[in-house]
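Notes follow once the structure below has been shown.
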Amino acid sequence: MDKPRFDHLVEKKLSSTELFKGRLLHAYRDIVSLPDGSQATREYVVHPGAVMVVPLHEDANGKLQLVLERQFRYPVGRVMIEFPAGKLDPGEDCFACAQRELREETGFSASQWAHAGVLHPLIAYSTEFIDIWFARGLRAGARQLDDGELLDVFTASPHELLDWCRQGLVTDGKTLTAALWLQNVISGTWLLDWQDVI
């Protein structure tokens, strides 16, 4: 079957101006040519990409628990409930980043990993992508937080997380996406390809 083509929607960059260069983000304003021949302006942020980990843990009674974090997020001015996540270092592989972020933020390492997919959280104005990973077979260790990184690590059941999403207590987009994945994995609708990691 031929792959559908969408050339009639593609915009082409004519020029680009850097507006801001920070430690994490770079902002640009581009002039683009639209498919109908007219021109438009596009402002966007270049982001290095990130990962998110959905850590699955069995409690002493064998019940599934999720490892989550509470962290104050300055731009929205509130403490958010999230899965462990973080940005890629230059040249870093997504899986290596997922392992590093889980260990640094929670202290856990995992013996089994599965790649779930990719999330583009801000398609209207950012190049950011978030690679989604599931981890299980958790082993506790020491956290190694970055300077200025303050967060609480806690566990909750999948039912509790989904209820918090329904109530609007969880509004972080990546965590809501992870909740969708989690719900489908638990129900058996979506399968993960688990890999052992030594």
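In the structure tokens, chains take letters A, B, ... by order of appearance, with residues numbered from 1 within each chain and ligands from 1 in the order shown.
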Report as an NGL selection string all protein, DNA and RNA residues lying within 10 Å of Pro84 of chain A, evaluated on only C-alpha atoms, omitting residues in the same chain fewer than 5 positions from it.
:A and (51-55 or 67-70 or 98 or 101-106 or 153 or 175)
Include N, CA and C atoms and write out the residues we just selected as a PDB file, in the first residue's frame.
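To be explicit, this is the file written out as selection03.pdb:
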```
ATOM      1  N   VAL A  51      13.080  12.432  28.320  1.00  0.00           N
ATOM      2  CA  VAL A  51      12.527  11.096  28.553  1.00  0.00           C
ATOM      3  C   VAL A  51      11.592  11.153  29.755  1.00  0.00           C
ATOM      4  N   MET A  52      10.699  10.180  29.823  1.00  0.00           N
ATOM      5  CA  MET A  52       9.852   9.976  31.002  1.00  0.00           C
ATOM      6  C   MET A  52       9.856   8.482  31.297  1.00  0.00           C
ATOM      7  N   VAL A  53       9.894   8.143  32.575  1.00  0.00           N
ATOM      8  CA  VAL A  53       9.909   6.738  32.992  1.00  0.00           C
ATOM      9  C   VAL A  53       8.667   6.453  33.829  1.00  0.00           C
ATOM     10  N   VAL A  54       7.986   5.343  33.514  1.00  0.00           N
ATOM     11  CA  VAL A  54       6.848   4.858  34.295  1.00  0.00           C
ATOM     12  C   VAL A  54       7.356   3.662  35.103  1.00  0.00           C
ATOM     13  N   PRO A  55       7.786   3.890  36.356  1.00  0.00           N
ATOM     14  CA  PRO A  55       8.353   2.803  37.160  1.00  0.00           C
ATOM     15  C   PRO A  55       7.245   1.994  37.853  1.00  0.00           C
ATOM     16  N   VAL A  67       5.867   4.503  40.995  1.00  0.00           N
ATOM     17  CA  VAL A  67       6.773   5.454  41.634  1.00  0.00           C
ATOM     18  C   VAL A  67       6.554   6.807  40.959  1.00  0.00           C
ATOM     19  N   LEU A  68       6.150   7.787  41.768  1.00  0.00           N
ATOM     20  CA  LEU A  68       5.822   9.121  41.278  1.00  0.00           C
ATOM     21  C   LEU A  68       6.620  10.173  42.031  1.00  0.00           C
ATOM     22  N   GLU A  69       6.520  11.400  41.544  1.00  0.00           N
ATOM     23  CA  GLU A  69       7.220  12.512  42.179  1.00  0.00           C
ATOM     24  C   GLU A  69       6.270  13.695  42.372  1.00  0.00           C
ATOM     25  N   ARG A  70       6.556  14.478  43.391  1.00  0.00           N
ATOM     26  CA  ARG A  70       5.935  15.791  43.566  1.00  0.00           C
ATOM     27  C   ARG A  70       7.049  16.813  43.424  1.00  0.00           C
ATOM     28  N   ALA A  98      16.975   7.613  30.190  1.00  0.00           N
ATOM     29  CA  ALA A  98      15.897   7.077  31.031  1.00  0.00           C
ATOM     30  C   ALA A  98      16.474   6.384  32.265  1.00  0.00           C
ATOM     31  N   GLU A 101      17.952   9.170  34.597  1.00  0.00           N
ATOM     32  CA  GLU A 101      16.950   9.992  35.290  1.00  0.00           C
ATOM     33  C   GLU A 101      16.243   9.198  36.392  1.00  0.00           C
ATOM     34  N   LEU A 102      15.923   7.927  36.139  1.00  0.00           N
ATOM     35  CA  LEU A 102      15.287   7.108  37.163  1.00  0.00           C
ATOM     36  C   LEU A 102      16.195   7.000  38.389  1.00  0.00           C
ATOM     37  N   ARG A 103      17.461   6.711  38.151  1.00  0.00           N
ATOM     38  CA  ARG A 103      18.424   6.554  39.251  1.00  0.00           C
ATOM     39  C   ARG A 103      18.646   7.876  39.990  1.00  0.00           C
ATOM     40  N   GLU A 104      18.865   8.968  39.239  1.00  0.00           N
ATOM     41  CA  GLU A 104      19.162  10.252  39.880  1.00  0.00           C
ATOM     42  C   GLU A 104      17.987  10.770  40.695  1.00  0.00           C
ATOM     43  N   GLU A 105      16.776  10.704  40.128  1.00  0.00           N
ATOM     44  CA  GLU A 105      15.621  11.320  40.779  1.00  0.00           C
ATOM     45  C   GLU A 105      14.997  10.447  41.866  1.00  0.00           C
ATOM     46  N   THR A 106      14.984   9.127  41.672  1.00  0.00           N
ATOM     47  CA  THR A 106      14.284   8.248  42.623  1.00  0.00           C
ATOM     48  C   THR A 106      15.222   7.349  43.417  1.00  0.00           C
ATOM     49  N   VAL A 153       9.608  11.760  46.383  1.00  0.00           N
ATOM     50  CA  VAL A 153       9.306  10.507  45.686  1.00  0.00           C
ATOM     51  C   VAL A 153       8.303   9.746  46.540  1.00  0.00           C
ATOM     52  N   THR A 175       2.393  13.137  32.135  1.00  0.00           N
ATOM     53  CA  THR A 175       1.868  12.171  33.097  1.00  0.00           C
ATOM     54  C   THR A 175       0.483  11.695  32.686  1.00  0.00           C
TER      55      THR A 175
END
```
Which residues are close to Ile198 of chain A, i.e. within 10 Å by only C-alpha atoms, leaving aside same-chain residues fewer than 2 positions away? Reply as a PyMOL selection string.
chain A and resi 110-112+195-196
Write down as a list of chain:residue names the residues belonging to segment 49-133 of chain A that are assigned helix (DSSP H, G or I) by DSSP computed on the backbone.
A:Tyr74, A:Pro75, A:Val76, A:Cys94, A:Phe95, A:Ala96, A:Cys97, A:Ala98, A:Gln99, A:Arg100, A:Glu101, A:Leu102, A:Arg103, A:Glu104, A:Glu105, A:Thr106
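Counting only C-alpha atoms and comparing A:Pro4, A:Ala135, A:Asp172, A:Leu180, the residue that lies closest to Gln99 of chain A is A:Ala135.
Distances here use only C-alpha atoms; by that measure, the residue among A:Leu34, A:Val45, A:Leu151, A:Tyr125 closest to Lys21 of chain A is A:Val45.
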Please give the complete set of residues from segment 3-114 of chain A that DSSP, run on the backbone, assigns to strand (DSSP E or B), formatted as a PyMOL selection string.
chain A and resi 12-21+26-33+39-46+50-58+64-73+78-82+85-87+109-114
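Distances to Ser157 of chain A were evaluated for A:Ala114, A:Leu192, A:Phe72, A:Lys63 using only C-alpha atoms, and the minimum falls at A:Lys63.
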Contacts of His57 of chain A at 9 Å or less, counting only C-alpha atoms, minus same-chain residues fewer than 3 places along, as a PyMOL selection string?
chain A and resi 62-67+135-138+155
Would you export the selected residues with N, CA and C atoms as a PDB file, in the first residue's frame, please?
```pdb
ATOM      1  N   GLY A  62       2.392  -7.702  47.082  1.00  0.00           N
ATOM      2  CA  GLY A  62       2.356  -8.098  45.679  1.00  0.00           C
ATOM      3  C   GLY A  62       1.449  -7.228  44.826  1.00  0.00           C
ATOM      4  N   LYS A  63       1.017  -6.078  45.363  1.00  0.00           N
ATOM      5  CA  LYS A  63       0.139  -5.183  44.591  1.00  0.00           C
ATOM      6  C   LYS A  63       0.980  -4.180  43.820  1.00  0.00           C
ATOM      7  N   LEU A  64       0.533  -3.880  42.591  1.00  0.00           N
ATOM      8  CA  LEU A  64       1.252  -2.958  41.729  1.00  0.00           C
ATOM      9  C   LEU A  64       1.178  -1.535  42.266  1.00  0.00           C
ATOM     10  N   GLN A  65       2.341  -0.928  42.366  1.00  0.00           N
ATOM     11  CA  GLN A  65       2.464   0.474  42.773  1.00  0.00           C
ATOM     12  C   GLN A  65       3.273   1.217  41.718  1.00  0.00           C
ATOM     13  N   LEU A  66       3.026   2.509  41.605  1.00  0.00           N
ATOM     14  CA  LEU A  66       3.749   3.371  40.684  1.00  0.00           C
ATOM     15  C   LEU A  66       4.666   4.280  41.486  1.00  0.00           C
ATOM     16  N   VAL A  67       5.867   4.503  40.995  1.00  0.00           N
ATOM     17  CA  VAL A  67       6.773   5.454  41.634  1.00  0.00           C
ATOM     18  C   VAL A  67       6.554   6.807  40.959  1.00  0.00           C
ATOM     19  N   ALA A 135       9.550   0.779  33.329  1.00  0.00           N
ATOM     20  CA  ALA A 135      10.623   0.068  34.048  1.00  0.00           C
ATOM     21  C   ALA A 135      10.005  -0.776  35.145  1.00  0.00           C
ATOM     22  N   ARG A 136      10.553  -1.982  35.359  1.00  0.00           N
ATOM     23  CA  ARG A 136      10.110  -2.840  36.464  1.00  0.00           C
ATOM     24  C   ARG A 136      11.308  -3.636  36.977  1.00  0.00           C
ATOM     25  N   GLY A 137      11.077  -4.397  38.047  1.00  0.00           N
ATOM     26  CA  GLY A 137      12.203  -5.067  38.696  1.00  0.00           C
ATOM     27  C   GLY A 137      13.081  -4.025  39.367  1.00  0.00           C
ATOM     28  N   LEU A 138      12.438  -3.139  40.132  1.00  0.00           N
ATOM     29  CA  LEU A 138      13.157  -2.008  40.722  1.00  0.00           C
ATOM     30  C   LEU A 138      14.014  -2.429  41.904  1.00  0.00           C
ATOM     31  N   THR A 155       4.845   6.522  46.295  1.00  0.00           N
ATOM     32  CA  THR A 155       4.179   5.502  45.486  1.00  0.00           C
ATOM     33  C   THR A 155       2.663   5.676  45.581  1.00  0.00           C
TER      34      THR A 155
END
```
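Taking atom CA of Ala40 of chain A as the reference point, atom CA of Ser126 of chain A is found at 17.0 Å.
Atom to atom, atom CA of Tyr44 of chain A and atom CA of Ile31 of chain A stand 11.5 Å apart.
For the pair atom CA of His120 of chain A and atom CA of Ala27 of chain A, the separation is 17.3 Å.
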